[in-house]
Amino acid sequence: MSIHIKLYFMIKFILPIIVFIAAVYGISYLWNNSSAKGKKMIALSLIIALIIGLSLTIYLIFDQ
């Protein structure tokens, strides 16, 4: 297996898993250490990020 294939595999599969785990850990840490107003802001930010992520995913799937 060449270095190019290994690098491609890492970027495509392993890196998103690591980023997801870090994001979940960071969000849970911030959630536990924030006030009620901070929790509302975190929830609003996550909803907006979810909408943008879904829109971008749908756009990239159907843009061919």
# chains A, B, ... in the order shown; residues from 1 in each chain; ligands from 1
>>> select_by_dssp(residues="chain A", states="alpha helix (DSSP H)", output="ChimeraX atom specification")
/A:3-9,15-32,36-62
>>> residues_around(residues="Ser28 in chain A", least_positions_apart="6", cutoff="12 Å", atoms="only C-alpha atoms", output="ChimeraX atom specification")
/A:21-22,34,39,42-43
>>> atom_distance(atom1="CA of Ala49 in chain A", atom2="CA of Ser35 in chain A")
20.8 Å
>>> atom_distance(atom1="CA of Ile58 in chain A", atom2="CA of Met10 in chain A")
23.9 Å
>>> atom_distance(atom1="CA of Phe62 in chain A", atom2="CA of Lys6 in chain A")
28.4 Å
